[in-house]
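Participant: Sharing target27.cif here; it has mmCIF, C-alpha atoms.
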```
data_structure
#
loop_
_atom_site.label_atom_id
_atom_site.label_comp_id
_atom_site.auth_asym_id
_atom_site.auth_seq_id
_atom_site.Cartn_x
_atom_site.Cartn_y
_atom_site.Cartn_z
CA ILE A 5 34.92 -62.41 3.41
CA ALA A 6 32.88 -62.12 6.60
CA SER A 7 34.68 -60.79 9.66
CA SER A 8 34.86 -62.83 12.86
CA LYS A 9 32.09 -60.69 14.30
CA GLU A 10 29.86 -61.31 11.30
CA SER A 11 30.61 -65.05 11.39
CA PHE A 12 29.64 -65.12 15.04
CA ILE A 13 26.33 -63.42 14.29
CA VAL A 14 25.46 -65.90 11.57
CA CYS A 15 26.18 -68.83 13.89
CA PHE A 16 24.37 -67.13 16.77
CA MET A 17 21.08 -66.95 14.90
CA GLU A 18 18.69 -69.85 14.75
CA SER A 19 18.69 -71.09 11.18
CA LYS A 20 18.14 -72.04 8.46
CA PRO A 21 16.30 -74.25 6.06
CA ASP A 22 16.93 -72.48 2.75
CA THR A 23 13.49 -73.08 1.37
CA LEU A 24 10.53 -71.11 0.08
CA THR A 25 8.16 -74.05 -0.01
CA ASP A 26 6.14 -72.77 2.95
CA THR A 27 5.88 -69.18 1.77
CA PRO A 28 2.70 -67.47 3.05
CA PRO A 29 0.34 -65.65 0.66
CA VAL A 30 1.72 -62.23 1.64
CA VAL A 31 5.39 -61.28 1.30
CA ALA A 32 7.55 -58.18 1.44
CA VAL A 33 9.71 -57.31 -1.56
CA LEU A 34 12.60 -54.89 -1.18
CA SER A 35 13.80 -53.23 -4.39
CA GLY A 36 16.77 -50.90 -4.30
CA ASP A 37 19.42 -49.12 -6.28
CA LEU A 38 22.64 -47.30 -5.48
CA VAL A 39 22.53 -43.53 -5.18
CA ARG A 40 24.54 -41.59 -7.77
CA SER A 41 26.34 -44.72 -8.86
CA GLN A 42 27.31 -43.10 -12.16
CA LYS A 43 29.77 -40.92 -10.23
CA HIS A 44 31.59 -43.95 -8.81
CA GLY A 45 33.88 -46.55 -10.27
CA VAL A 46 33.05 -50.19 -10.91
CA ASP A 47 35.01 -51.30 -7.83
CA ASP A 48 32.97 -49.06 -5.51
CA ILE A 49 29.73 -50.30 -7.04
CA ASN A 50 30.73 -53.95 -6.77
CA THR A 51 31.86 -53.47 -3.15
CA ALA A 52 28.49 -51.99 -2.21
CA MET A 53 26.56 -54.70 -4.04
CA GLU A 54 28.64 -57.43 -2.38
CA GLN A 55 27.86 -55.92 1.03
CA LEU A 56 24.14 -55.79 0.22
CA SER A 57 24.33 -59.44 -0.86
CA ARG A 58 25.99 -60.41 2.43
CA SER A 59 23.34 -58.51 4.39
CA ALA A 60 20.63 -60.36 2.47
CA ARG A 61 22.22 -63.71 3.38
CA TYR A 62 22.32 -62.71 7.05
CA LEU A 63 18.63 -61.80 6.89
CA GLY A 64 17.92 -65.22 5.44
CA ASP A 65 19.79 -66.77 8.37
CA MET A 66 17.82 -64.66 10.82
CA TYR A 67 14.47 -65.75 9.45
CA GLY A 68 15.29 -69.27 8.29
CA THR A 69 14.51 -68.71 4.63
CA GLU A 70 15.94 -67.56 1.31
CA THR A 71 15.93 -63.89 0.40
CA ARG A 72 16.99 -64.60 -3.21
CA PHE A 73 19.21 -61.52 -3.59
CA THR A 74 19.13 -60.56 -7.26
CA ARG A 75 21.16 -57.84 -8.96
CA PHE A 76 19.58 -55.79 -11.75
CA ARG A 77 21.03 -53.38 -14.30
CA GLY A 78 24.39 -53.07 -12.59
CA ASP A 79 23.33 -50.94 -9.60
CA GLY A 80 19.87 -52.34 -8.79
CA TRP A 81 18.94 -55.19 -6.46
CA GLN A 82 15.94 -57.00 -5.00
CA ILE A 83 15.12 -59.46 -2.20
CA VAL A 84 11.98 -61.15 -0.91
CA LEU A 85 11.01 -61.64 2.74
CA THR A 86 8.49 -64.30 3.70
CA ARG A 87 7.69 -62.40 6.90
CA PRO A 88 6.23 -59.05 5.79
CA GLY A 89 6.64 -57.55 9.24
CA SER A 90 10.40 -58.02 9.02
CA ALA A 91 10.71 -55.44 6.23
CA LEU A 92 11.64 -52.54 8.50
CA ARG A 93 14.35 -54.51 10.31
CA ALA A 94 15.71 -55.68 6.96
CA VAL A 95 15.84 -52.12 5.62
CA LEU A 96 17.71 -50.94 8.70
CA VAL A 97 20.19 -53.83 8.57
CA MET A 98 21.05 -53.14 4.94
CA ILE A 99 21.47 -49.40 5.44
CA ALA A 100 23.52 -49.84 8.62
CA ASP A 101 25.75 -52.50 7.05
CA LEU A 102 26.67 -50.23 4.15
CA LYS A 103 27.53 -47.40 6.53
CA ARG A 104 29.55 -49.45 9.01
CA ALA A 105 31.45 -51.19 6.20
CA GLY A 106 32.69 -47.82 4.97
CA CYS A 107 31.03 -48.12 1.56
CA THR A 108 31.12 -44.91 -0.44
CA LEU A 109 27.62 -45.47 -1.84
CA GLU A 110 24.17 -45.34 -0.27
CA THR A 111 21.13 -47.29 -1.39
CA ARG A 112 17.51 -46.31 -1.90
CA ILE A 113 14.98 -48.97 -0.85
CA SER A 114 11.34 -49.41 -1.82
CA VAL A 115 9.26 -51.95 0.09
CA GLY A 116 6.18 -53.55 -1.40
CA ILE A 117 3.94 -55.73 0.78
CA GLY A 118 1.41 -57.85 -1.07
CA GLY A 119 0.74 -61.14 -2.77
CA TRP A 120 2.90 -63.15 -5.14
CA THR A 121 2.27 -65.55 -8.01
CA SER A 122 5.87 -66.66 -8.61
CA LEU A 123 9.11 -66.25 -6.67
CA GLY A 124 11.12 -66.85 -9.80
CA SER A 125 13.08 -69.81 -11.09
CA ASP A 126 16.77 -69.31 -10.35
CA ASP A 127 16.40 -65.82 -8.87
CA LEU A 128 13.86 -62.97 -8.72
CA SER A 129 14.41 -61.79 -12.29
CA ASP A 130 11.25 -63.61 -13.41
CA ALA A 131 9.27 -63.33 -10.15
CA SER A 132 5.77 -61.87 -10.26
CA GLY A 133 2.88 -60.71 -8.12
CA SER A 134 1.50 -57.55 -6.54
CA ALA A 135 4.34 -57.21 -4.01
CA PHE A 136 6.89 -57.11 -6.84
CA ILE A 137 4.84 -54.64 -8.86
CA LEU A 138 4.33 -52.32 -5.89
CA SER A 139 7.99 -52.37 -4.90
CA GLY A 140 9.38 -51.88 -8.40
CA LYS A 141 6.97 -49.16 -9.47
CA GLN A 142 7.47 -47.21 -6.29
CA LEU A 143 11.25 -47.32 -6.68
CA ASP A 144 10.89 -45.99 -10.23
CA ASP A 145 8.62 -43.18 -8.99
CA MET A 146 10.64 -42.31 -5.87
CA PRO A 147 12.10 -38.77 -5.88
CA ARG A 148 15.88 -38.82 -6.11
CA HIS A 149 16.30 -37.15 -2.72
CA ARG A 150 14.31 -39.88 -0.95
CA ARG A 151 15.89 -43.05 0.42
CA LEU A 152 12.99 -45.14 1.80
CA SER A 153 9.37 -45.79 0.92
CA ILE A 154 6.72 -48.45 1.46
CA SER A 155 3.60 -49.42 -0.46
CA ILE A 156 1.03 -51.88 0.86
CA GLY A 157 -1.41 -53.87 -1.25
CA VAL A 158 -2.86 -55.91 1.60
CA SER A 159 -4.96 -55.24 4.67
CA PRO A 160 -3.02 -54.83 7.94
CA ASN A 161 -5.07 -56.67 10.58
CA GLY A 162 -7.84 -57.02 8.00
CA GLU A 163 -8.47 -53.27 7.92
CA ALA A 164 -8.17 -50.71 5.16
CA GLU A 165 -4.63 -49.50 4.62
CA PRO A 166 -3.71 -46.89 7.24
CA GLY A 167 -1.02 -44.28 6.93
CA TRP A 168 1.17 -45.51 9.77
CA PRO A 169 3.61 -47.67 7.74
CA ALA A 170 4.55 -44.71 5.54
CA ALA A 171 4.89 -42.51 8.63
CA ILE A 172 7.23 -45.05 10.23
CA PHE A 173 9.39 -45.25 7.13
CA ASP A 174 9.57 -41.45 6.88
CA MET A 175 10.75 -41.28 10.49
CA VAL A 176 13.32 -44.05 10.01
CA GLU A 177 14.68 -42.42 6.86
CA TRP A 178 15.31 -39.19 8.76
CA ILE A 179 17.00 -41.03 11.64
CA ALA A 180 19.19 -43.31 9.53
CA SER A 181 20.43 -40.46 7.35
CA ARG A 182 22.20 -39.04 10.42
CA TRP A 183 24.04 -42.16 11.58
CA SER A 184 27.79 -42.04 11.99
CA ALA A 185 29.78 -45.19 11.18
CA PRO A 186 30.10 -46.16 14.90
CA GLN A 187 26.37 -45.61 15.41
CA ALA A 188 25.60 -47.72 12.34
CA GLU A 189 27.81 -50.51 13.67
CA ALA A 190 25.99 -50.49 17.01
CA ILE A 191 22.60 -50.51 15.30
CA ALA A 192 23.59 -53.27 12.86
CA ILE A 193 24.75 -55.58 15.64
CA ALA A 194 21.85 -54.73 17.97
CA LEU A 195 19.33 -55.56 15.23
CA ARG A 196 20.82 -59.01 14.71
CA GLY A 197 21.38 -60.49 18.16
CA ASP A 198 19.16 -61.40 21.07
CA TRP A 199 21.02 -59.09 23.42
CA LYS A 200 19.53 -58.96 26.91
CA THR A 201 21.43 -55.85 28.01
CA GLN A 202 23.40 -53.03 26.47
CA GLU A 203 26.35 -54.21 28.57
CA GLN A 204 26.41 -57.52 26.66
CA LEU A 205 26.41 -55.64 23.38
CA ALA A 206 29.12 -53.28 24.63
CA ASN A 207 31.32 -56.21 25.65
CA TYR A 208 30.85 -57.76 22.23
CA LEU A 209 31.94 -54.55 20.49
CA GLY A 210 34.79 -54.01 22.95
CA ILE A 211 33.55 -50.66 24.24
CA THR A 212 32.20 -49.39 27.55
CA ARG A 213 28.52 -49.59 28.45
CA GLN A 214 28.41 -45.79 28.51
CA ALA A 215 29.82 -45.62 24.97
CA MET A 216 27.32 -48.24 23.83
CA HIS A 217 24.45 -46.28 25.35
CA ALA A 218 25.68 -43.09 23.67
CA ARG A 219 25.87 -44.76 20.26
CA LEU A 220 22.41 -46.32 20.44
CA SER A 221 20.83 -43.21 21.94
CA GLY A 222 22.41 -40.98 19.31
CA ALA A 223 21.21 -43.38 16.60
CA GLY A 224 17.59 -43.15 17.76
CA TYR A 225 17.41 -46.80 18.78
CA GLN A 226 14.65 -46.28 21.35
CA ALA A 227 12.29 -44.94 18.69
CA ILE A 228 13.44 -47.62 16.24
CA GLU A 229 12.62 -50.40 18.72
CA LYS A 230 9.06 -49.13 19.05
CA ALA A 231 8.66 -48.90 15.29
CA LEU A 232 10.00 -52.44 14.86
CA ALA A 233 7.52 -53.75 17.42
CA VAL A 234 4.60 -52.18 15.53
CA MET A 235 5.72 -53.61 12.18
CA GLU A 236 6.63 -57.07 13.45
CA ASN A 237 3.57 -57.60 15.64
CA ASN A 238 1.12 -56.64 12.91
CA GLU A 239 -0.77 -59.35 11.03
CA TRP A 240 -0.52 -58.80 7.29
CA GLU A 241 -3.54 -60.37 5.64
CA PRO A 242 -4.51 -60.81 1.98
CA ALA A 243 -6.83 -58.10 0.75
CA PRO A 244 -10.48 -59.22 0.73
#
```
So, in terms of structure tokens, how does the structure I just supplied come out?
Facilitator:
Amino acid sequence: IASSKESFIVCFMESKPDTLTDTPPVVAVLSGDLVRSQKHGVDDINTAMEQLSRSARYLGDMYGTETRFTRFRGDGWQIVLTRPGSALRAVLVMIADLKRAGCTLETRISVGIGGWTSLGSDDLSDASGSAFILSGKQLDDMPRHRRLSISIGVSPNGEAEPGWPAAIFDMVEWIASRWSAPQAEAIAIALRGDWKTQEQLANYLGITRQAMHARLSGAGYQAIEKALAVMENNEWEPAP
């Protein structure tokens, strides 16, 4: 059940025709699984998956679309984003939500940006296209100690694939791995709302502006904001 804060965030966002009829030719697919899930009980796994599902619904509200959260093989999951540039924000939201909710499990996430031929029937279990292939294969190949990766099968701004998306994800992985639960809460809320000042965000969380600044600064939010701007302002075009 969503908390009052979470309910407020959902209502606060502009939303939300749940449709994929206007999906552009390039999408981002996020594939993930829970880390060391075999060492945890079914209840812990289900709690983490339910939180990931809630985060996916919030992302759909944020972007006015469906994310089609689909669970695979017990501890695996997948979503689709019709705005490829939103992939980094989505990754951060899902990681931060798990941490702030007190879940005992982490998730690995592989992002694939590319084309699609089908977004599935009832869910993503029968979806297809290069974005799905890139995301799934990279998750399978990801070293167990890694938590984030990205693979791009399109041309950012019509150019050959550069190395900057991978560099951004490497940086974000390092930063996010060091978040405390209070820092994750601050990041999760900051990523969702159109907050004009840190004081507004502090009032919402019921803490002082100085405490809010300390949480965001300690969580690397200044660097994250710059990375988000690069990802979200880029034009992701079909490969020639």
Participant: Mind telling me what the PyMOL selection byres ((chain A and resi 38) around 9) catches here, as a VMD selection string?
Facilitator: chain A and resid 36 to 37 39 to 41 49 52 to 53 79 to 81 109 to 112
Participant: Name the residues captured by the PyMOL selection byres ((chain A and resi 122) around 8) when it is applied to the shown file; answer as a PyMOL selection string.
Facilitator: chain A and resi 120-121+123-124+130-133
Participant: Create the file for the chosen residues now, containing C-alpha atoms and written as a PDB file, in the frame of the given file.
Facilitator:
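For reference, out.pdb as written:
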```
ATOM      1  CA  TRP A 120       2.900 -63.150  -5.140  1.00  0.00           C
ATOM      2  CA  THR A 121       2.270 -65.550  -8.010  1.00  0.00           C
ATOM      3  CA  LEU A 123       9.110 -66.250  -6.670  1.00  0.00           C
ATOM      4  CA  GLY A 124      11.120 -66.850  -9.800  1.00  0.00           C
ATOM      5  CA  ASP A 130      11.250 -63.610 -13.410  1.00  0.00           C
ATOM      6  CA  ALA A 131       9.270 -63.330 -10.150  1.00  0.00           C
ATOM      7  CA  SER A 132       5.770 -61.870 -10.260  1.00  0.00           C
ATOM      8  CA  GLY A 133       2.880 -60.710  -8.120  1.00  0.00           C
TER       9      GLY A 133
END
```
Participant: For the provided coordinates, the residues matched by the PyMOL selection byres ((chain A and resi 140-156) around 10) should be stated as JSON, numbers by chain.
Facilitator: {"A": [32, 33, 34, 35, 36, 37, 38, 39, 40, 82, 91, 92, 95, 99, 110, 111, 112, 113, 114, 115, 116, 117, 118, 119, 134, 135, 136, 137, 138, 139, 157, 158, 159, 160, 165, 166, 167, 169, 170, 171, 172, 173, 174, 175, 176, 177, 178, 180, 181, 240]}
Participant: Hey, which of A:Asp47, A:Glu203, A:Glu241, A:Glu229 ends up closest to Arg93 of chain A? Count all atoms listed in the file.
Facilitator: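 Selected residue with least distance to Arg93 of chain A: A:Glu229.
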Participant: Would you compute, for all listed atoms of segment 79-82 of chain A, the axis-aligned bounding box grown by 5 Å on each side, and then report its centre and edge lengths in Å rounded to one decimal, as lines of an AutoDock Vina configuration file?
Facilitator:
```
center_x = 19.6
center_y = -54.0
center_z = -7.3
size_x = 17.4
size_y = 16.1
size_z = 14.6
```
Participant: Between atom CA of Lys103 of chain A and atom CA of Ile228 of chain A, what distance in Å does the model show, to one decimal?
Facilitator: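 These atoms are spaced 17.1 Å apart.
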Participant: Which distance in Å separates atom CA of Ala223 of chain A and atom CA of Ala100 of chain A, to one decimal?
Facilitator: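 Calculated distance between atom CA of Ala223 of chain A and atom CA of Ala100 of chain A is 10.5 Å.
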Participant: Please determine, counting only C-alpha atoms, which residue among A:Leu128, A:Ala105, A:Ala188, A:Val46 has the shortest atom-to-atom distance to Glu70 of chain A.
Facilitator: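 The answer is A:Leu128, which sits nearest to Glu70 of chain A.
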Participant: For a test of reading the model, state the distance in Å between atom CA of Thr27 of chain A and atom CA of Lys230 of chain A, rounded to one decimal.
Facilitator: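 So the two atoms, atom CA of Thr27 of chain A and atom CA of Lys230 of chain A, lie 26.7 Å apart.
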Participant: Determine, counting all atoms listed in the file, which protein, DNA and RNA residues have an atom within 10 Å of an atom of segment 189-200 of chain A; residues of the same chain fewer than 6 positions away are not included. Present the result as a PyMOL selection string.
Facilitator: chain A and resi 9-10+12-14+16-17+59+62-63+66+93-94+96-105+180+183+206+208-209+216-220+223-225+228-229+232
Participant: Could you check the closest approach to Gly89 of chain A for each of A:Tyr67, A:Ile211, A:Lys43, A:Thr201 and tell me which residue wins, using all atoms listed in the file?
Facilitator: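 Closest to Gly89 of chain A, using all atoms listed in the file: A:Tyr67.
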Participant: Let me make sure I understand: among A:Asp127, A:Ala233, A:Gly106, A:Thr212, which one has the smallest atom-to-atom distance to Ser184 of chain A if we use all atoms listed in the file?
Facilitator: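 Of all the options, A:Gly106 lies closest to Ser184 of chain A.
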Participant: Which is closest to Ala231 of chain A among A:Ser90, A:Gln214, A:Ser129, A:Gln55, if we use only C-alpha atoms?
Facilitator: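 Using only C-alpha atoms, the shortest distance to Ala231 of chain A belongs to A:Ser90.
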Participant: Take segment 37-48 of chain A, bring it up to all heavy atoms, and give me the output as a PDB file, in the coordinates of the input.
Facilitator:
```pdb
ATOM      1  N   ASP A  37      18.331 -49.443  -5.373  1.00  0.00           N
ATOM      2  CA  ASP A  37      19.420 -49.120  -6.280  1.00  0.00           C
ATOM      3  C   ASP A  37      20.411 -48.227  -5.550  1.00  0.00           C
ATOM      4  O   ASP A  37      20.113 -47.686  -4.471  1.00  0.00           O
ATOM      5  CB  ASP A  37      18.932 -48.481  -7.583  1.00  0.00           C
ATOM      6  CG  ASP A  37      18.136 -47.200  -7.385  1.00  0.00           C
ATOM      7  OD1 ASP A  37      18.222 -46.598  -6.282  1.00  0.00           O
ATOM      8  OD2 ASP A  37      17.430 -46.784  -8.306  1.00  0.00           O
ATOM      9  N   LEU A  38      21.598 -48.107  -6.093  1.00  0.00           N
ATOM     10  CA  LEU A  38      22.640 -47.300  -5.480  1.00  0.00           C
ATOM     11  C   LEU A  38      22.496 -45.844  -5.895  1.00  0.00           C
ATOM     12  O   LEU A  38      22.173 -45.545  -7.044  1.00  0.00           O
ATOM     13  CB  LEU A  38      24.016 -47.836  -5.880  1.00  0.00           C
ATOM     14  CG  LEU A  38      24.300 -49.284  -5.460  1.00  0.00           C
ATOM     15  CD1 LEU A  38      25.658 -49.730  -5.986  1.00  0.00           C
ATOM     16  CD2 LEU A  38      24.241 -49.440  -3.941  1.00  0.00           C
ATOM     17  N   VAL A  39      22.725 -44.962  -4.950  1.00  0.00           N
ATOM     18  CA  VAL A  39      22.530 -43.530  -5.180  1.00  0.00           C
ATOM     19  C   VAL A  39      23.757 -42.951  -5.892  1.00  0.00           C
ATOM     20  O   VAL A  39      24.899 -43.142  -5.455  1.00  0.00           O
ATOM     21  CB  VAL A  39      22.313 -42.807  -3.839  1.00  0.00           C
ATOM     22  CG1 VAL A  39      22.159 -41.301  -4.058  1.00  0.00           C
ATOM     23  CG2 VAL A  39      21.083 -43.376  -3.127  1.00  0.00           C
ATOM     24  N   ARG A  40      23.502 -42.258  -6.985  1.00  0.00           N
ATOM     25  CA  ARG A  40      24.540 -41.590  -7.770  1.00  0.00           C
ATOM     26  C   ARG A  40      25.684 -42.536  -8.142  1.00  0.00           C
ATOM     27  O   ARG A  40      26.865 -42.173  -8.083  1.00  0.00           O
ATOM     28  CB  ARG A  40      25.070 -40.360  -7.017  1.00  0.00           C
ATOM     29  CG  ARG A  40      24.054 -39.233  -6.895  1.00  0.00           C
ATOM     30  CD  ARG A  40      24.665 -37.978  -6.309  1.00  0.00           C
ATOM     31  NE  ARG A  40      24.948 -38.130  -4.889  1.00  0.00           N
ATOM     32  CZ  ARG A  40      24.070 -37.905  -3.916  1.00  0.00           C
ATOM     33  NH1 ARG A  40      22.837 -37.514  -4.213  1.00  0.00           N
ATOM     34  NH2 ARG A  40      24.394 -38.063  -2.656  1.00  0.00           N
ATOM     35  N   SER A  41      25.320 -43.728  -8.533  1.00  0.00           N
ATOM     36  CA  SER A  41      26.340 -44.720  -8.860  1.00  0.00           C
ATOM     37  C   SER A  41      27.163 -44.331 -10.079  1.00  0.00           C
ATOM     38  O   SER A  41      28.315 -44.759 -10.234  1.00  0.00           O
ATOM     39  CB  SER A  41      25.692 -46.088  -9.097  1.00  0.00           C
ATOM     40  OG  SER A  41      24.782 -46.032 -10.184  1.00  0.00           O
ATOM     41  N   GLN A  42      26.593 -43.493 -10.955  1.00  0.00           N
ATOM     42  CA  GLN A  42      27.310 -43.100 -12.160  1.00  0.00           C
ATOM     43  C   GLN A  42      28.542 -42.247 -11.850  1.00  0.00           C
ATOM     44  O   GLN A  42      29.427 -42.098 -12.707  1.00  0.00           O
ATOM     45  CB  GLN A  42      26.380 -42.338 -13.119  1.00  0.00           C
ATOM     46  CG  GLN A  42      25.955 -40.961 -12.646  1.00  0.00           C
ATOM     47  CD  GLN A  42      24.746 -41.003 -11.713  1.00  0.00           C
ATOM     48  OE1 GLN A  42      24.341 -42.080 -11.258  1.00  0.00           O
ATOM     49  NE2 GLN A  42      24.167 -39.844 -11.444  1.00  0.00           N
ATOM     50  N   LYS A  43      28.620 -41.727 -10.624  1.00  0.00           N
ATOM     51  CA  LYS A  43      29.770 -40.920 -10.230  1.00  0.00           C
ATOM     52  C   LYS A  43      30.855 -41.756  -9.549  1.00  0.00           C
ATOM     53  O   LYS A  43      31.854 -41.201  -9.077  1.00  0.00           O
ATOM     54  CB  LYS A  43      29.317 -39.792  -9.293  1.00  0.00           C
ATOM     55  CG  LYS A  43      28.369 -38.796  -9.961  1.00  0.00           C
ATOM     56  CD  LYS A  43      28.021 -37.656  -9.029  1.00  0.00           C
ATOM     57  CE  LYS A  43      27.103 -36.646  -9.730  1.00  0.00           C
ATOM     58  NZ  LYS A  43      26.760 -35.515  -8.833  1.00  0.00           N
ATOM     59  N   HIS A  44      30.643 -43.062  -9.488  1.00  0.00           N
ATOM     60  CA  HIS A  44      31.590 -43.950  -8.810  1.00  0.00           C
ATOM     61  C   HIS A  44      32.126 -44.989  -9.791  1.00  0.00           C
ATOM     62  O   HIS A  44      31.500 -45.299 -10.805  1.00  0.00           O
ATOM     63  CB  HIS A  44      30.921 -44.646  -7.637  1.00  0.00           C
ATOM     64  CG  HIS A  44      30.554 -43.717  -6.524  1.00  0.00           C
ATOM     65  ND1 HIS A  44      31.306 -43.577  -5.392  1.00  0.00           N
ATOM     66  CD2 HIS A  44      29.501 -42.869  -6.376  1.00  0.00           C
ATOM     67  CE1 HIS A  44      30.751 -42.693  -4.585  1.00  0.00           C
ATOM     68  NE2 HIS A  44      29.641 -42.245  -5.164  1.00  0.00           N
ATOM     69  N   GLY A  45      33.266 -45.534  -9.445  1.00  0.00           N
ATOM     70  CA  GLY A  45      33.880 -46.550 -10.270  1.00  0.00           C
ATOM     71  C   GLY A  45      33.241 -47.915 -10.076  1.00  0.00           C
ATOM     72  O   GLY A  45      32.466 -48.139  -9.141  1.00  0.00           O
ATOM     73  N   VAL A  46      33.602 -48.829 -10.960  1.00  0.00           N
ATOM     74  CA  VAL A  46      33.050 -50.190 -10.910  1.00  0.00           C
ATOM     75  C   VAL A  46      33.394 -50.862  -9.592  1.00  0.00           C
ATOM     76  O   VAL A  46      32.571 -51.585  -9.015  1.00  0.00           O
ATOM     77  CB  VAL A  46      33.573 -51.014 -12.098  1.00  0.00           C
ATOM     78  CG1 VAL A  46      33.147 -52.468 -11.969  1.00  0.00           C
ATOM     79  CG2 VAL A  46      33.068 -50.436 -13.415  1.00  0.00           C
ATOM     80  N   ASP A  47      34.600 -50.647  -9.076  1.00  0.00           N
ATOM     81  CA  ASP A  47      35.010 -51.300  -7.830  1.00  0.00           C
ATOM     82  C   ASP A  47      34.130 -50.856  -6.673  1.00  0.00           C
ATOM     83  O   ASP A  47      33.727 -51.680  -5.841  1.00  0.00           O
ATOM     84  CB  ASP A  47      36.470 -50.984  -7.522  1.00  0.00           C
ATOM     85  CG  ASP A  47      37.436 -51.712  -8.454  1.00  0.00           C
ATOM     86  OD1 ASP A  47      36.985 -52.651  -9.142  1.00  0.00           O
ATOM     87  OD2 ASP A  47      38.620 -51.334  -8.489  1.00  0.00           O
ATOM     88  N   ASP A  48      33.841 -49.551  -6.587  1.00  0.00           N
ATOM     89  CA  ASP A  48      32.970 -49.060  -5.510  1.00  0.00           C
ATOM     90  C   ASP A  48      31.576 -49.653  -5.622  1.00  0.00           C
ATOM     91  O   ASP A  48      30.958 -50.024  -4.609  1.00  0.00           O
ATOM     92  CB  ASP A  48      32.884 -47.533  -5.569  1.00  0.00           C
ATOM     93  CG  ASP A  48      34.157 -46.853  -5.104  1.00  0.00           C
ATOM     94  OD1 ASP A  48      34.983 -47.521  -4.445  1.00  0.00           O
ATOM     95  OD2 ASP A  48      34.334 -45.656  -5.406  1.00  0.00           O
TER      96      ASP A  48
END
```
